[in-house]
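Next comes run.cif, a file with mmCIF, C-alpha atoms.
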data_target
loop_
_atom_site.label_atom_id
_atom_site.label_comp_id
_atom_site.auth_asym_id
_atom_site.auth_seq_id
_atom_site.Cartn_x
_atom_site.Cartn_y
_atom_site.Cartn_z
CA MET Y 1 0.00 0.00 0.00
CA THR Y 2 1.43 3.38 -0.94
CA ARG Y 3 0.98 6.34 1.34
CA ARG Y 4 -0.27 9.58 -0.22
CA MET Y 5 1.98 12.58 0.30
CA THR Y 6 0.52 15.40 2.36
CA MET Y 7 0.40 18.96 1.09
CA ALA Y 8 3.24 19.84 3.47
CA GLU Y 9 5.40 17.02 2.09
CA LYS Y 10 4.73 18.19 -1.48
CA ALA Y 11 5.46 21.87 -0.81
CA GLU Y 12 8.69 23.13 -2.34
CA ASN Y 13 8.17 26.70 -1.12
CA VAL Y 14 8.62 27.46 2.59
CA VAL Y 15 5.48 29.58 2.78
CA ASP Y 16 3.39 26.83 1.19
CA LEU Y 17 4.97 24.30 3.55
CA LEU Y 18 4.17 26.38 6.64
CA LEU Y 19 0.62 27.11 5.46
CA ALA Y 20 0.01 23.38 4.94
CA GLN Y 21 1.32 22.72 8.44
CA HIS Y 22 -0.96 25.43 9.83
CA ASP Y 23 -3.89 23.64 8.17
CA GLU Y 24 -2.84 20.38 9.83
CA ILE Y 25 -2.46 22.14 13.20
CA ARG Y 26 -5.98 23.53 12.83
CA ARG Y 27 -7.35 20.10 11.91
CA LEU Y 28 -5.67 18.43 14.88
CA ALA Y 29 -6.79 21.14 17.31
CA SER Y 30 -10.39 20.71 16.14
CA THR Y 31 -10.05 16.95 16.56
CA VAL Y 32 -8.79 17.42 20.12
CA GLU Y 33 -11.79 19.61 20.92
CA SER Y 34 -14.35 17.30 19.32
CA SER Y 35 -13.11 13.91 20.52
CA ARG Y 36 -12.81 12.09 23.83
CA GLY Y 37 -10.79 9.30 25.39
CA GLU Y 38 -7.93 7.70 23.50
CA ALA Y 39 -8.80 9.53 20.26
CA ARG Y 40 -8.38 12.89 22.01
CA LYS Y 41 -5.11 11.80 23.62
CA ARG Y 42 -3.70 10.61 20.26
CA ALA Y 43 -4.76 13.82 18.52
CA PHE Y 44 -3.28 15.95 21.30
CA ASP Y 45 0.02 14.03 21.22
CA GLU Y 46 0.21 14.46 17.45
CA LEU Y 47 -0.63 18.16 17.76
CA ARG Y 48 1.95 18.68 20.52
CA ARG Y 49 4.63 17.02 18.44
CA LEU Y 50 3.77 18.98 15.28
CA LEU Y 51 3.67 22.29 17.15
CA ALA Y 52 7.02 21.59 18.82
CA VAL Y 53 8.88 20.77 15.61
CA HIS Y 54 7.06 23.44 13.57
CA GLU Y 55 7.85 26.26 16.00
CA THR Y 56 11.47 25.14 16.37
CA ALA Y 57 11.95 25.22 12.60
CA GLU Y 58 10.32 28.65 12.34
CA GLU Y 59 12.57 29.95 15.12
CA GLU Y 60 15.72 28.54 13.47
CA ILE Y 61 15.00 29.25 9.79
CA VAL Y 62 12.01 31.46 9.04
CA HIS Y 63 12.08 34.12 11.75
CA PRO Y 64 15.81 34.94 11.29
CA PHE Y 65 15.18 35.45 7.56
CA ALA Y 66 12.10 37.61 8.23
CA ARG Y 67 13.91 39.67 10.87
CA HIS Y 68 16.48 40.81 8.30
CA ALA Y 69 14.66 40.61 4.98
CA ILE Y 70 11.27 42.22 5.52
CA GLY Y 71 10.48 45.77 6.53
CA ASN Y 72 9.93 46.14 10.27
CA GLY Y 73 11.00 42.49 10.54
CA SER Y 74 12.35 42.74 14.07
CA HIS Y 75 9.05 44.02 15.41
CA VAL Y 76 7.04 41.37 13.53
CA VAL Y 77 9.35 38.54 14.67
CA ASP Y 78 9.59 39.72 18.28
CA ASP Y 79 5.80 39.66 18.54
CA ARG Y 80 5.65 36.13 17.09
CA LEU Y 81 8.39 34.91 19.44
CA GLN Y 82 6.47 36.24 22.45
CA GLU Y 83 3.38 34.37 21.28
CA GLU Y 84 5.43 31.20 20.78
CA ASN Y 85 6.92 31.48 24.26
CA GLU Y 86 3.46 31.78 25.81
CA ALA Y 87 2.14 28.89 23.71
CA LYS Y 88 5.00 26.63 24.78
CA GLY Y 89 4.19 27.33 28.42
CA ALA Y 90 0.51 26.56 27.92
CA LEU Y 91 1.30 23.45 25.88
CA ALA Y 92 3.65 22.16 28.59
CA GLU Y 93 0.87 22.62 31.17
CA LEU Y 94 -1.66 20.85 28.96
CA GLU Y 95 0.74 17.99 28.41
CA LYS Y 96 0.71 17.25 32.16
CA MET Y 97 -3.09 17.13 32.34
CA ASN Y 98 -5.60 14.32 31.80
CA THR Y 99 -6.98 15.07 28.32
CA ASP Y 100 -10.52 14.15 29.44
CA SER Y 101 -10.63 16.49 32.43
CA PRO Y 102 -12.86 19.59 32.37
CA ASP Y 103 -9.78 21.69 33.24
CA PHE Y 104 -8.03 20.39 30.13
CA GLU Y 105 -11.00 21.27 27.93
CA GLU Y 106 -11.15 24.82 29.28
CA LYS Y 107 -7.41 25.42 29.06
CA PHE Y 108 -7.21 23.79 25.63
CA ALA Y 109 -9.98 26.02 24.28
CA ARG Y 110 -7.95 29.11 25.31
CA PHE Y 111 -4.78 27.57 23.90
CA HIS Y 112 -6.53 26.79 20.61
CA ARG Y 113 -7.71 30.40 20.28
CA ASP Y 114 -4.18 31.68 21.00
CA VAL Y 115 -2.59 29.29 18.51
CA GLU Y 116 -5.13 30.33 15.88
CA ALA Y 117 -4.37 34.01 16.51
CA HIS Y 118 -0.64 33.31 16.26
CA ALA Y 119 -1.05 31.45 12.97
CA THR Y 120 -3.23 34.24 11.59
CA HIS Y 121 -0.59 36.84 12.53
CA GLU Y 122 2.08 34.85 10.71
CA GLU Y 123 -0.16 34.36 7.70
CA ARG Y 124 -1.00 38.07 7.44
CA GLU Y 125 2.14 39.84 8.69
CA GLU Y 126 5.08 37.56 7.98
CA PHE Y 127 4.42 34.95 5.28
CA PRO Y 128 3.20 37.28 2.48
CA ARG Y 129 6.23 39.50 2.96
CA ILE Y 130 8.58 36.51 2.90
CA ARG Y 131 6.93 35.28 -0.30
CA GLN Y 132 7.34 38.76 -1.79
CA ASP Y 133 10.91 39.47 -0.64
CA ALA Y 134 12.58 36.06 -0.97
CA THR Y 135 13.86 34.69 -4.24
CA PRO Y 136 12.43 31.39 -5.52
CA GLU Y 137 15.75 29.77 -4.58
CA GLN Y 138 15.53 31.14 -1.04
CA LEU Y 139 11.94 29.92 -0.69
CA ARG Y 140 12.96 26.41 -1.82
CA GLY Y 141 16.10 26.45 0.31
CA MET Y 142 14.17 27.50 3.41
CA ALA Y 143 11.62 24.71 2.80
CA ALA Y 144 14.45 22.16 2.72
CA ALA Y 145 16.02 23.73 5.82
CA VAL Y 146 12.70 23.68 7.68
CA ARG Y 147 12.28 19.97 6.90
CA ALA Y 148 15.82 19.26 8.10
CA ALA Y 149 15.30 21.28 11.30
CA GLU Y 150 12.01 19.49 12.00
CA ALA Y 151 13.64 16.09 11.55
CA VAL Y 152 15.94 16.73 14.51
CA ALA Y 153 13.79 19.14 16.57
CA PRO Y 154 12.49 18.50 20.08
CA THR Y 155 9.04 16.89 20.10
CA HIS Y 156 7.85 18.55 23.32
CA PRO Y 157 7.59 22.26 24.17
CA HIS Y 158 10.66 23.92 25.69
CA GLN Y 159 9.74 27.41 26.83
CA GLY Y 160 12.54 29.96 26.69
CA THR Y 161 14.25 28.65 23.56
CA GLU Y 162 12.59 31.03 21.09
CA SER Y 163 15.70 31.97 19.13
CA ALA Y 164 17.86 30.24 16.57
CA ALA Y 165 20.89 30.41 18.86
CA LYS Y 166 19.06 28.93 21.85
CA ASN Y 167 17.45 26.24 19.71
CA LEU Y 168 20.80 25.27 18.26
CA ALA Y 169 22.45 25.22 21.68
CA VAL Y 170 19.72 23.41 23.64
CA GLY Y 171 17.71 21.76 20.88
CA PRO Y 172 19.86 18.72 20.09
CA VAL Y 173 19.99 17.54 23.70
CA ALA Y 174 16.29 18.29 24.20
CA ALA Y 175 15.43 16.49 20.97
CA VAL Y 176 17.24 13.32 22.02
CA ALA Y 177 15.62 13.42 25.46
CA ASP Y 178 12.18 14.04 23.92
CA ARG Y 179 12.51 11.24 21.39
CA VAL Y 180 13.61 8.79 24.09
CA ARG Y 181 10.67 9.94 26.23
CA ASP Y 182 8.33 9.38 23.26
CA ALA Y 183 9.72 5.88 22.63
CA ILE Y 184 9.32 4.91 26.29
CA GLY Y 185 5.79 6.29 26.27
CA LYS Y 186 4.91 4.14 23.25
CA VAL Y 187 6.22 1.01 24.97
CA ARG Y 188 4.20 1.79 28.11
CA SER Y 189 0.97 2.41 26.16
#
How does this structure look as structure tokens?
Amino acid sequence: MTRRMTMAEKAENVVDLLLAQHDEIRRLASTVESSRGEARKRAFDELRRLLAVHETAEEEIVHPFARHAIGNGSHVVDDRLQEENEAKGALAELEKMNTDSPDFEEKFARFHRDVEAHATHEEREEFPRIRQDATPEQLRGMAAAVRAAEAVAPTHPHQGTESAAKNLAVGPVAAVADRVRDAIGKVRS
């Protein structure tokens, strides 16, 4: 049986790749809100992993480019990094909770709204300007770099690592620890 490639896997342009991932994040968040039991837990774990690797790659590849290449880039990126820091904190708290508890549902609903607002800010303030200001080669190169960064990124939120330098310094150790943690969790399930 052959697996169909997702839109994100097909994307050769970094903006298209990130937009496809945003769509998947939205789908998973809606699944978390609308499901219960093991289905909710699986969807949340998948969402947590995707958000962790997605944000790490943005922080290492996309935001540094935007900071220097687009007008008012530092302001735009600083605002996104603050949102990402807050989201990592909320995600870490959610990760410790029982996914079927009323507290989880309430906190997740707020988290979902915040993640949606963050994605919308990127889609309106950052991505169009990257698409406009980057060359086709840069857009393709950043897509490849994002995929490479995601392949070795931590799979759990690590608040306080919202810069390329911090991700590169702390990320490899955190990624190994996270992936071991994930493997142990699978064995215990």
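The environment of Glu125 in chain Y within 12 Å, counting all atoms listed in the file and disregarding residues fewer than 2 places along the same chain, consists of His63, Ala66, Arg67, Ile70, Gly71, Asn72, Gly73, Ser74, His75, Val76, Val77, Asp79, Arg80, Ala117, His118, Ala119, Thr120, His121, Glu122, Glu123, Phe127, Pro128, Arg129, Ile130, Arg131 and Gln132 of chain Y.
Between CA of Ala134 in chain Y and CA of Ala69 in chain Y there is a distance of 7.8 Å.
We find CA of Pro102 in chain Y and CA of Arg42 in chain Y to be spaced 17.6 Å apart.
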What's the 9 Å shell around range 93-100 of chain Y, counting all atoms listed in the file, without same-chain residues fewer than 2 positions away, as an mmCIF file with C-alpha atoms, in the coordinates of the input?
data_model
loop_
_atom_site.group_PDB
_atom_site.id
_atom_site.type_symbol
_atom_site.label_atom_id
_atom_site.label_comp_id
_atom_site.auth_asym_id
_atom_site.auth_seq_id
_atom_site.Cartn_x
_atom_site.Cartn_y
_atom_site.Cartn_z
ATOM 1 C CA VAL Y 32 -8.790 17.420 20.120
ATOM 2 C CA ARG Y 36 -12.810 12.090 23.830
ATOM 3 C CA GLY Y 37 -10.790 9.300 25.390
ATOM 4 C CA GLU Y 38 -7.930 7.700 23.500
ATOM 5 C CA ARG Y 40 -8.380 12.890 22.010
ATOM 6 C CA LYS Y 41 -5.110 11.800 23.620
ATOM 7 C CA PHE Y 44 -3.280 15.950 21.300
ATOM 8 C CA ASP Y 45 0.020 14.030 21.220
ATOM 9 C CA ARG Y 48 1.950 18.680 20.520
ATOM 10 C CA LYS Y 88 5.000 26.630 24.780
ATOM 11 C CA GLY Y 89 4.190 27.330 28.420
ATOM 12 C CA ALA Y 90 0.510 26.560 27.920
ATOM 13 C CA LEU Y 91 1.300 23.450 25.880
ATOM 14 C CA PRO Y 102 -12.860 19.590 32.370
ATOM 15 C CA ASP Y 103 -9.780 21.690 33.240
ATOM 16 C CA PHE Y 104 -8.030 20.390 30.130
ATOM 17 C CA GLU Y 105 -11.000 21.270 27.930
ATOM 18 C CA LYS Y 107 -7.410 25.420 29.060
ATOM 19 C CA PHE Y 108 -7.210 23.790 25.630
ATOM 20 C CA PHE Y 111 -4.780 27.570 23.900
ATOM 21 C CA HIS Y 156 7.850 18.550 23.320
#
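Here the PyMOL selection byres ((chain Y and resi 27) around 12) catches exactly these residues: Ala20, Gln21, His22, Asp23, Glu24, Ile25, Arg26, Leu28, Ala29, Ser30, Thr31, Val32, Glu33, Ser34, Ala43, Phe44, Glu46, Leu47, Leu50, His112 and Glu116 of chain Y.
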Those residues you just picked out, can you put them in a file as a PDB file, in the coordinates of the input with C-alpha atoms?
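Below is the file result_30.pdb, written as the result:
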ATOM      1  CA  ALA Y  20       0.010  23.380   4.940  1.00  0.00           C
ATOM      2  CA  GLN Y  21       1.320  22.720   8.440  1.00  0.00           C
ATOM      3  CA  HIS Y  22      -0.960  25.430   9.830  1.00  0.00           C
ATOM      4  CA  ASP Y  23      -3.890  23.640   8.170  1.00  0.00           C
ATOM      5  CA  GLU Y  24      -2.840  20.380   9.830  1.00  0.00           C
ATOM      6  CA  ILE Y  25      -2.460  22.140  13.200  1.00  0.00           C
ATOM      7  CA  ARG Y  26      -5.980  23.530  12.830  1.00  0.00           C
ATOM      8  CA  LEU Y  28      -5.670  18.430  14.880  1.00  0.00           C
ATOM      9  CA  ALA Y  29      -6.790  21.140  17.310  1.00  0.00           C
ATOM     10  CA  SER Y  30     -10.390  20.710  16.140  1.00  0.00           C
ATOM     11  CA  THR Y  31     -10.050  16.950  16.560  1.00  0.00           C
ATOM     12  CA  VAL Y  32      -8.790  17.420  20.120  1.00  0.00           C
ATOM     13  CA  GLU Y  33     -11.790  19.610  20.920  1.00  0.00           C
ATOM     14  CA  SER Y  34     -14.350  17.300  19.320  1.00  0.00           C
ATOM     15  CA  ALA Y  43      -4.760  13.820  18.520  1.00  0.00           C
ATOM     16  CA  PHE Y  44      -3.280  15.950  21.300  1.00  0.00           C
ATOM     17  CA  GLU Y  46       0.210  14.460  17.450  1.00  0.00           C
ATOM     18  CA  LEU Y  47      -0.630  18.160  17.760  1.00  0.00           C
ATOM     19  CA  LEU Y  50       3.770  18.980  15.280  1.00  0.00           C
ATOM     20  CA  HIS Y 112      -6.530  26.790  20.610  1.00  0.00           C
ATOM     21  CA  GLU Y 116      -5.130  30.330  15.880  1.00  0.00           C
TER      22      GLU Y 116
END
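CA of His68 in chain Y to CA of Val152 in chain Y spans 24.9 Å [interatomic distance, one decimal].
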Is it possible to get the axis-aligned box enclosing range 141-154 of chain Y (all listed atoms, 4 Å extra per side) as JSON, with centre and edge lengths in Å rounded to one decimal?
{"center_x": 13.9, "center_y": 21.8, "center_z": 10.2, "size_x": 12.5, "size_y": 19.4, "size_z": 27.8}
